[in-house]
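Asker: Sharing a structure, written as structure tokens. Questions coming.
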Amino acid sequence: MYECGDVDGDRSKGVDMEALKPDARCAECLYRLAETAARLAVGDSANPDAGRVEAAARTIVARGIERGSASPVIANAMLTEISRLSGTDDPYTGFKNQEMDRAEAVCSGLDVGVPNDLRSGVSLAVIGNTLDFFQDPEQVLNDVPRLLRDGVSFAWDDVDRMDDFLSESPKRVLYLTDNAGEVYFDLTLYGILKARTRQCTLVVKGGPALNDLTRKELRIRGLEDRFEEITDTGTPGAGVDWDRVSDAFLARLEQADLLVIKGMANFESLYPRLLSAAAIFLFRVKCEPIQDLVGIPKGSFAAIWKEPAR
């Protein structure tokens, strides 16, 4: 069912994050996010407050771009201000519900079960990362059956390095989630990791952040019992907001042997850090700046390994 593609060039040295400079192309997505989040928070595009909230959000984006801040940092500052001005802490509630309804239906309606091997689990998990807050979840998920049928070809493929590491029986794994609907695609890989490690902890956001997964969605959907342990970052925000992250989460990072990390925002905020644990980053390349950074085409899938800091 699942196949990997050939990888061109030497990937052994990993990604040069110094190449991730502030990019003018990021501005378009951030301004679009400001518009969407502001109008969702206010609840009515005709409401005069919508323009005021959006204007404030766009000002924060402009300042962040001028300062050369990373996209997740700008997005988090913008979302915090939108929440403050609108009094709405989770404008993406409806979007997440729609996304999770469709993702659950797609995963429960698969004609055949997913093979219970690591590569198949990783493939299914990364297919889930096709979800994106800039796109209609139903439209995106309609493409899932084709991906399952044709198989996932990783343009950057370090799945075997992950497999080798797991053969050494690591004790503690942290599974950092991304978009809410992805959790249904993560269940197979989580189960495989749980069987091959002593402890596998699911990590969700500490509060609402775009359409990212929180404890609230797990509780409402009755999914809490599917995971042996659940923790959170201690803070809302795309990726990991290092300025506000909890000490408890930092301690978990220090104790982990392996980090399984979903999504581009998590990649942007975690890959540059000195991590004491080995890490595998699983995501679909959704924009040209990340395409240029990792050297694989937009729309392709990546499984990027990072050795622990020495």
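Following the order of the structure tokens, chains are lettered A, B, ..., residues in each are numbered from 1, and ligands are numbered from 1.
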For Phe185 of chain A, find every residue with an atom within 9 Å (counting only C-alpha atoms), except residues of its own chain fewer than 2 positions away, and show them as a list in words.

Answerer: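 The residues satisfying every condition are Ala103, Glu104, Cys107, Gly121, Leu124, Ala125, Val126, Ile127, Gly128, Asn129, Gly181, Glu182, Val183, Leu187, Thr188 and Leu189 of chain A.
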
Asker: Give me the residues within 12 Å of Glu168 of chain A as an MDAnalysis selection string, counting only C-alpha atoms and dropping any in the same chain fewer than 2 places off.

Answerer: chainID A and resid 161:166 170:172 196:198 257:258

Asker: Pick from A:Leu148, A:Ile296, A:Leu85, A:Val122: nearest to Val106 of chain A, with only C-alpha atoms counted?

Answerer: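 Nearest candidate to Val106 of chain A out of A:Leu148, A:Ile296, A:Leu85, A:Val122: A:Leu148.
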
Asker: Can you tell me which residues surround segment 210-215 of chain A at a distance of at most 10 Å, considering only C-alpha atoms, apart from same-chain residues fewer than 2 positions away, and format the answer as a VMD selection string?

Answerer: chain A and resid 33 37 75 to 76 79 90 to 97 99 to 100 131 to 133 176 to 183 203 to 208 217 to 221 223 to 224 230 to 233 236 to 239

Asker: Nearest to Glu228 of chain A: which of A:Val240, A:Val173, A:Val73, A:Cys200 is it, counting only C-alpha atoms?

Answerer: A:Cys200

Asker: Using Å and a single decimal, report how far atom CA of Phe227 of chain A sits from atom CA of Asp160 of chain A.

Answerer: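 For atom CA of Asp160 of chain A relative to atom CA of Phe227 of chain A, the distance reads 24.6 Å.
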